[in-house]
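Okay, structure first, notes after.
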Amino acid sequence: MLADVAAIRGRFGEHTTALVETVRLRRKAAAKLTGLGDVSGWLLTDEALQQATTAVVARHRAQRLSGQVVHDATCSVGTELAALRDTADYLVGSDLDEVRLAMAAHNVAGVPLVRADALAPISRDAVVLLDPARRTGGRRRFDPRAYAPPLDEVAQAYRGRVTVVKCAPGIDFDAVRQLGFDGEIEVTSAGGSVREACLWSPSLSQPGVSRRATVLGDGERAAEQITDAEPEDCAVGDPGRWIVDPDGAVVRAGLVRHYAARHGLWQLDRDIAYLTGDRLPAGVRGFEVLEQLPLREKVLRQALSARDCGSLEILVRGVDVDPDVLRRRLRPAGSQPLSIVIMRLGSGASARASAFLCRPSR
C-alpha cells in the first residue's frame with residue numbers, strides 16, 4: 001500500500017488523499033451496498049458510508065413503501081434513494097450537506113434533489129423518510145436528542161405527517177413514545193446482526209401492531225416477521241431436546257414469547273430470552289441438550305474432557321460470566337465442537353446459575 005500511495009502521489013499530487021480514500025470506501029461499499037446496483041463508481045465519505053443503511057435493509061424498507069410518494073429528507077449520498085427508485089411511485093431527496101448532496105447527484109443520477117434542512121419541511125402529501133445522524137467522528141450517539149437532527153425536533157417538525165424514521169436499535173422505546181410517537185417500532189436484523197429500529201407512522205402499518213421484529217434472510221434462512229398482535233401464550237418449563245437463542249431483533253422488540261408461541265417452544269425462565277422445545281424451527285440454529293450442569297469450573301472441565309470437546313462456544317444470559325475468560329480457564333483440547341449455554345434460572349433467593357452442555361445444530 002505504501003508503494004501504491006507513493007505512485008499515486010507522484011502522478012496525482014494534491015489529489016492523492018481523495019483518490020486513496022475513494023478507492024478504500026468503494027471497496028467497503030461493494031460489500032455493504034451489494035444489491036443497490038453498480039456502486040463501483042459511487043462517491044462517498046467515511047462517515048456517510050458508516051451511517052448508510054445496509055442494502056438488504058434498504059430494499060426491505062423500499063418494499064414496504066412500494067407505490068408511495070416518498071421524500072427522503074436526509075438523503076446523504078443516496079443509499080435509500082437507490083433502493084426506493086425502483087419501488088416508489090415518485091421520489092425526491094434532500095439534504096443540508098452540499099458535499100453529500102453532490103455525491104447523491106452522482107450516485108443516483110436522475111432522482112430530483114433539493115438542498116434543504118430536514119427540520120424545515122419542503123414537501124407535502126408524501127411519506128417523509130428521515131435518517132438522523134447517530135455518529136460524530138466515527139463515535140455513536142445514544143441519546144435521541146443528540147441525533148442530527150435531534151429526534152424530539154424531528155417529531156415536532158413533522159407532527160401530523162406520515163413519516164418513517166430510522167433509529168439506532170438500542171433506542172429507548174419508552175422515550176420514543178414520550179415524544180408522542182404512536183405508530184409501529186420495527187426492529188430489523190440481517191445476517192444475524194440487529195441493524196436498526198425504524199419508526200413507522202400508523203397509516204403505514206397493520207392495525208393493532210406497535211412492535212415488529214423483522215429477520216431478513218442471509219442465504220441460509222428465510223426472512224421472518226413477527227408482531228405484538230400475535231398470540232404470546234408461552235409456558236415456562238424444563239428443558240426440551242433443544243435450546244433456541246432467538247434472533248436479536250426478536251429479543252430487542254420484546255417478542256420472545258410471541259416467537260415461542262408461533263414455533264411451539266417454551267421458556268426456561270420467564271425473564272430470560274432462551275427458549276426450549278423438542279423441535280427446531282425451520283432454518284434456525286439450535287443447541288441440542290446433552291447435560292445440565294452446575295456452573296462450576298471443575299465440573300464443566302470434566303464434562304468437556306469426557307466428550308472430547310475442542311472448539312467451544314459459550315452463550316450467557318442473566319449471569320455475570322465473561323465467555324472468553326471462562327473458555328480460557330476450561331482449556332478444551334479435544335476434537336468435537338460443543339457449546340455451553342449459561343443462564344440464570346429462578347429469581348430472588350431461589351435463583352441459580354445453570355450450564356447446559358450442548359451440541360450445536362450447525
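Each chain in the C-alpha cells gets a letter, A, B and so on, in the order shown; residues start at 1 in every chain, and ligands are counted from 1 in the order they appear.
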Pick out the residues sitting within 10 Å of stretch 326-332 of chain A, and hand them over as a list of chain:residue names; count only C-alpha atoms, and ignore anything fewer than 3 positions along from it in its own chain.
A:Glu297, A:Lys298, A:Val299, A:Leu300, A:Arg301, A:Gln302, A:Leu304, A:Ser305, A:Asp308, A:Cys309, A:Gly310, A:Ser311, A:Leu312, A:Glu313, A:Ile314, A:Val321, A:Asp322, A:Pro323, A:Ser335, A:Gln336, A:Pro337, A:Leu338, A:Ile340
Using only C-alpha atoms, determine which residues lie at most 6 Å from stretch 203-214 of chain A, disregarding the query and same-chain residues fewer than 6 positions distant; provide the list as a PyMOL selection string.
chain A and resi 183-188+224-229+249-250+253
Show me, as a VMD selection string, the residues that have an atom within 9 Å of A:Arg362 when counting only C-alpha atoms, minus same-chain residues fewer than 6 positions from it.
chain A and resid 285 to 287
Residue neighbourhood A:Thr79, 8 Å, only C-alpha atoms, exclusion window fewer than 3 positions, as a PyMOL selection string:
chain A and resi 33+36+52-53+55+58+75-76+82-83
Go ahead and write the residues just picked, C-alpha atoms, as an mmCIF file, in the first residue's frame.
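For reference, part.cif as written:
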```cif
data_model
loop_
_atom_site.group_PDB
_atom_site.id
_atom_site.type_symbol
_atom_site.label_atom_id
_atom_site.label_comp_id
_atom_site.auth_asym_id
_atom_site.auth_seq_id
_atom_site.Cartn_x
_atom_site.Cartn_y
_atom_site.Cartn_z
ATOM 1 C CA LEU A 33 -24.325 -1.933 -0.644
ATOM 2 C CA LEU A 36 -28.366 -1.470 -4.953
ATOM 3 C CA ALA A 52 -25.546 4.176 5.258
ATOM 4 C CA THR A 53 -28.252 1.534 5.502
ATOM 5 C CA ALA A 55 -28.571 -2.842 1.108
ATOM 6 C CA ALA A 58 -32.838 -0.599 2.496
ATOM 7 C CA CYS A 75 -30.736 11.510 1.675
ATOM 8 C CA SER A 76 -26.972 11.867 2.302
ATOM 9 C CA ALA A 82 -31.023 3.807 -4.778
ATOM 10 C CA ALA A 83 -33.363 1.268 -3.156
#
```
Those in stretch 85-301 of chain A with alpha helix (DSSP H) from DSSP, as a ChimeraX atom specification:
/A:98-107,151-157,173-178,248-252,256-263,297-301
Write a file of the selected residues as a CSV table (one decimal), in the first residue's frame, keeping C-alpha atoms.
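Heads up, here's the output in result.csv:
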```csv
chain,number,residue,atom,x,y,z
A,98,GLU,CA,-23.8,20.3,-0.1
A,99,VAL,CA,-21.0,17.8,-0.5
A,100,ARG,CA,-23.2,14.7,0.3
A,101,LEU,CA,-25.9,16.2,-2.0
A,102,ALA,CA,-23.4,16.5,-4.8
A,103,MET,CA,-22.4,12.9,-4.2
A,104,ALA,CA,-26.0,11.7,-4.3
A,105,ALA,CA,-26.5,13.5,-7.6
A,106,HIS,CA,-23.6,11.5,-9.0
A,107,ASN,CA,-24.6,8.2,-7.3
A,151,LEU,CA,-35.3,13.2,17.3
A,152,ASP,CA,-37.6,15.4,19.5
A,153,GLU,CA,-37.2,18.3,17.0
A,154,VAL,CA,-38.0,15.9,14.1
A,155,ALA,CA,-41.1,14.8,15.9
A,156,GLN,CA,-42.2,18.4,16.4
A,157,ALA,CA,-41.4,19.4,12.8
A,173,PHE,CA,-38.8,2.7,23.2
A,174,ASP,CA,-40.5,4.4,26.1
A,175,ALA,CA,-38.6,7.6,25.3
A,176,VAL,CA,-39.9,7.4,21.7
A,177,ARG,CA,-43.5,7.1,23.0
A,178,GLN,CA,-43.0,10.1,25.3
A,248,GLY,CA,-31.6,-10.4,18.3
A,249,ALA,CA,-34.4,-8.5,16.5
A,250,VAL,CA,-37.0,-10.7,18.3
A,251,VAL,CA,-35.3,-10.1,21.7
A,252,ARG,CA,-34.9,-6.4,21.2
A,256,VAL,CA,-39.7,-13.6,22.6
A,257,ARG,CA,-43.0,-15.1,23.9
A,258,HIS,CA,-44.7,-14.4,20.7
A,259,TYR,CA,-41.9,-16.2,18.8
A,260,ALA,CA,-42.2,-19.1,21.2
A,261,ALA,CA,-45.9,-19.4,20.7
A,262,ARG,CA,-45.6,-19.4,16.9
A,263,HIS,CA,-43.0,-22.2,16.9
A,297,GLU,CA,-15.4,-24.9,36.5
A,298,LYS,CA,-14.2,-28.3,37.7
A,299,VAL,CA,-17.5,-29.9,36.8
A,300,LEU,CA,-17.6,-28.3,33.4
A,301,ARG,CA,-13.9,-29.1,32.6
```
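Once A:Asp269 and its same-chain neighbours fewer than 5 positions away are set aside, Val236, Gly237, Tyr274, Leu275, Met343, Arg344, Leu345 and Gly346 of chain A remain within 9 Å of it when counting only C-alpha atoms.
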Just to be explicit: take each residue in the selection above, keep C-alpha atoms, and write the result as a tab-separated table (two decimals), in the first residue's frame.
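The resulting file, result.tsv, is reproduced below:
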```
chain	number	residue	atom	x	y	z
A	236	VAL	CA	-42.28	-21.97	31.38
A	237	GLY	CA	-40.84	-25.43	31.94
A	274	TYR	CA	-33.54	-18.50	25.83
A	275	LEU	CA	-36.29	-20.84	24.62
A	343	MET	CA	-28.33	-18.77	32.23
A	344	ARG	CA	-29.94	-17.73	35.48
A	345	LEU	CA	-32.98	-19.81	36.45
A	346	GLY	CA	-35.45	-18.54	39.03
```
With a distance cut-off of 9 Å and only C-alpha atoms, select the neighbouring residues of A:Arg124, excluding the residue or stretch itself and same-chain residues fewer than 3 positions from it, and output the selection as a list in words.
His71, Pro121, Val127, Val128 and Arg161 of chain A
Do a neighbour search on A:Val5 at 9 Å with only C-alpha atoms, toss out local chain neighbours closer than 6 positions, and write the hits as a ChimeraX atom specification.
/A:16-17,20
Using DSSP on the backbone coordinates, identify all residues within stretch 91-275 of chain A classified as strand (DSSP E); present the result as a VMD selection string.
chain A and resid 91 to 95 113 to 115 127 to 130 135 to 136 139 to 140 163 to 167 184 to 190 193 to 200 211 to 216 224 to 227 242 to 244 266 to 267 275
Given the selection you just returned, output its residues as a file containing N, CA and C atoms, formatted as a compact mmCIF listing (two decimals), in the first residue's frame.
```txt
# COMPACT_ATOMS: atom_id res chain seq x y z
N LEU A 91 -40.31 9.98 -6.26
CA LEU A 91 -39.23 10.04 -5.28
C LEU A 91 -38.47 11.35 -5.40
N VAL A 92 -38.18 11.98 -4.26
CA VAL A 92 -37.34 13.16 -4.22
C VAL A 92 -36.45 13.07 -2.99
N GLY A 93 -35.24 13.59 -3.10
CA GLY A 93 -34.31 13.57 -1.97
C GLY A 93 -33.86 14.97 -1.61
N SER A 94 -33.51 15.16 -0.35
CA SER A 94 -32.96 16.45 0.08
C SER A 94 -31.97 16.23 1.21
N ASP A 95 -31.06 17.18 1.36
CA ASP A 95 -30.07 17.13 2.42
C ASP A 95 -29.51 18.53 2.60
N LEU A 113 -33.24 16.24 -6.61
CA LEU A 113 -32.60 16.54 -5.33
C LEU A 113 -32.73 18.02 -5.02
N VAL A 114 -32.86 18.32 -3.72
CA VAL A 114 -33.01 19.70 -3.26
C VAL A 114 -32.13 19.89 -2.03
N ARG A 115 -31.47 21.04 -1.93
CA ARG A 115 -30.75 21.33 -0.69
C ARG A 115 -31.72 21.95 0.30
N VAL A 127 -44.77 10.57 1.93
CA VAL A 127 -44.18 9.91 3.09
C VAL A 127 -42.77 10.46 3.26
N VAL A 128 -42.46 10.98 4.44
CA VAL A 128 -41.14 11.58 4.67
C VAL A 128 -40.25 10.57 5.38
N LEU A 129 -39.15 10.22 4.74
CA LEU A 129 -38.17 9.30 5.29
C LEU A 129 -37.04 10.11 5.91
N LEU A 130 -36.72 9.82 7.17
CA LEU A 130 -35.68 10.56 7.89
C LEU A 130 -34.70 9.59 8.53
N ARG A 135 -23.72 9.37 14.48
CA ARG A 135 -22.27 9.25 14.67
C ARG A 135 -21.62 10.63 14.53
N THR A 136 -20.59 10.85 15.32
CA THR A 136 -19.74 12.03 15.18
C THR A 136 -18.30 11.56 15.27
N ARG A 139 -17.91 7.95 16.23
CA ARG A 139 -18.44 7.51 17.52
C ARG A 139 -19.95 7.61 17.53
N ARG A 140 -20.61 6.61 18.11
CA ARG A 140 -22.07 6.56 18.13
C ARG A 140 -22.65 7.53 19.16
N THR A 163 -44.57 9.61 8.40
CA THR A 163 -43.11 9.55 8.42
C THR A 163 -42.60 8.13 8.64
N VAL A 164 -41.36 7.93 8.23
CA VAL A 164 -40.59 6.73 8.53
C VAL A 164 -39.24 7.23 9.05
N VAL A 165 -38.91 6.89 10.29
CA VAL A 165 -37.70 7.43 10.91
C VAL A 165 -36.79 6.28 11.33
N LYS A 166 -35.59 6.28 10.78
CA LYS A 166 -34.60 5.26 11.12
C LYS A 166 -33.87 5.66 12.39
N CYS A 167 -33.73 4.71 13.34
CA CYS A 167 -33.08 4.99 14.63
C CYS A 167 -32.09 3.88 14.96
N GLU A 184 -45.70 2.15 14.75
CA GLU A 184 -45.03 0.86 14.88
C GLU A 184 -43.52 1.04 14.99
N ILE A 185 -42.92 0.35 15.94
CA ILE A 185 -41.47 0.28 16.06
C ILE A 185 -41.03 -1.06 15.49
N GLU A 186 -40.30 -1.02 14.39
CA GLU A 186 -39.80 -2.23 13.75
C GLU A 186 -38.31 -2.37 14.03
N VAL A 187 -37.92 -3.52 14.56
CA VAL A 187 -36.50 -3.83 14.77
C VAL A 187 -36.09 -4.84 13.71
N THR A 188 -35.05 -4.53 12.97
CA THR A 188 -34.65 -5.36 11.83
C THR A 188 -33.24 -5.90 12.01
N SER A 189 -33.09 -7.19 11.69
CA SER A 189 -31.76 -7.80 11.70
C SER A 189 -31.48 -8.37 10.32
N ALA A 190 -30.20 -8.48 10.01
CA ALA A 190 -29.76 -9.08 8.75
C ALA A 190 -28.43 -9.76 8.99
N SER A 193 -27.21 -10.03 12.69
CA SER A 193 -26.94 -8.84 13.50
C SER A 193 -28.12 -7.88 13.45
N VAL A 194 -28.46 -7.29 14.60
CA VAL A 194 -29.52 -6.29 14.64
C VAL A 194 -28.98 -5.01 14.01
N ARG A 195 -29.69 -4.50 13.01
CA ARG A 195 -29.20 -3.37 12.24
C ARG A 195 -29.79 -2.03 12.66
N GLU A 196 -31.11 -2.02 12.94
CA GLU A 196 -31.74 -0.73 13.21
C GLU A 196 -33.11 -0.93 13.84
N ALA A 197 -33.62 0.17 14.40
CA ALA A 197 -35.04 0.28 14.73
C ALA A 197 -35.61 1.33 13.78
N CYS A 198 -36.85 1.14 13.35
CA CYS A 198 -37.47 2.07 12.41
C CYS A 198 -38.87 2.42 12.93
N LEU A 199 -39.18 3.69 12.92
CA LEU A 199 -40.47 4.18 13.43
C LEU A 199 -41.39 4.44 12.25
N TRP A 200 -42.50 3.69 12.18
CA TRP A 200 -43.45 3.80 11.09
C TRP A 200 -44.74 4.45 11.58
N ARG A 211 -45.24 -3.15 17.73
CA ARG A 211 -43.85 -3.63 17.68
C ARG A 211 -43.75 -4.76 16.66
N ARG A 212 -42.69 -4.74 15.90
CA ARG A 212 -42.45 -5.77 14.88
C ARG A 212 -40.98 -6.15 14.89
N ALA A 213 -40.70 -7.43 14.75
CA ALA A 213 -39.33 -7.91 14.55
C ALA A 213 -39.25 -8.47 13.14
N THR A 214 -38.28 -8.02 12.39
CA THR A 214 -38.07 -8.50 11.02
C THR A 214 -36.69 -9.12 10.93
N VAL A 215 -36.66 -10.39 10.60
CA VAL A 215 -35.40 -11.12 10.43
C VAL A 215 -35.22 -11.34 8.94
N LEU A 216 -34.25 -10.66 8.37
CA LEU A 216 -34.01 -10.75 6.93
C LEU A 216 -33.08 -11.90 6.62
N GLU A 224 -38.30 -13.69 8.25
CA GLU A 224 -39.44 -13.92 9.14
C GLU A 224 -39.82 -12.61 9.80
N GLN A 225 -41.11 -12.40 9.97
CA GLN A 225 -41.62 -11.23 10.69
C GLN A 225 -42.59 -11.70 11.76
N ILE A 226 -42.53 -11.03 12.90
CA ILE A 226 -43.46 -11.35 13.98
C ILE A 226 -43.83 -10.04 14.66
N THR A 227 -45.09 -9.91 15.10
CA THR A 227 -45.57 -8.66 15.70
C THR A 227 -46.23 -8.93 17.04
N TRP A 242 -34.00 -29.23 22.61
CA TRP A 242 -33.22 -28.14 22.03
C TRP A 242 -33.34 -26.87 22.86
N ILE A 243 -32.28 -26.09 22.87
CA ILE A 243 -32.32 -24.71 23.36
C ILE A 243 -32.18 -23.80 22.14
N VAL A 244 -33.02 -22.77 22.09
CA VAL A 244 -33.02 -21.83 20.96
C VAL A 244 -32.73 -20.43 21.49
N TRP A 266 -41.10 -23.15 24.50
CA TRP A 266 -41.44 -22.60 25.81
C TRP A 266 -40.20 -22.02 26.46
N GLN A 267 -40.40 -21.25 27.52
CA GLN A 267 -39.28 -20.59 28.19
C GLN A 267 -38.72 -21.46 29.31
N LEU A 275 -35.09 -20.00 24.75
CA LEU A 275 -36.29 -20.84 24.62
C LEU A 275 -35.87 -22.29 24.48
```
Go through A:Gly217, A:Gly180, A:Gly318, A:Gly264 and flag the residue nearest A:Ala235, using only C-alpha atoms for the distances.
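So, comparing all the options, the nearest one is A:Gly264.
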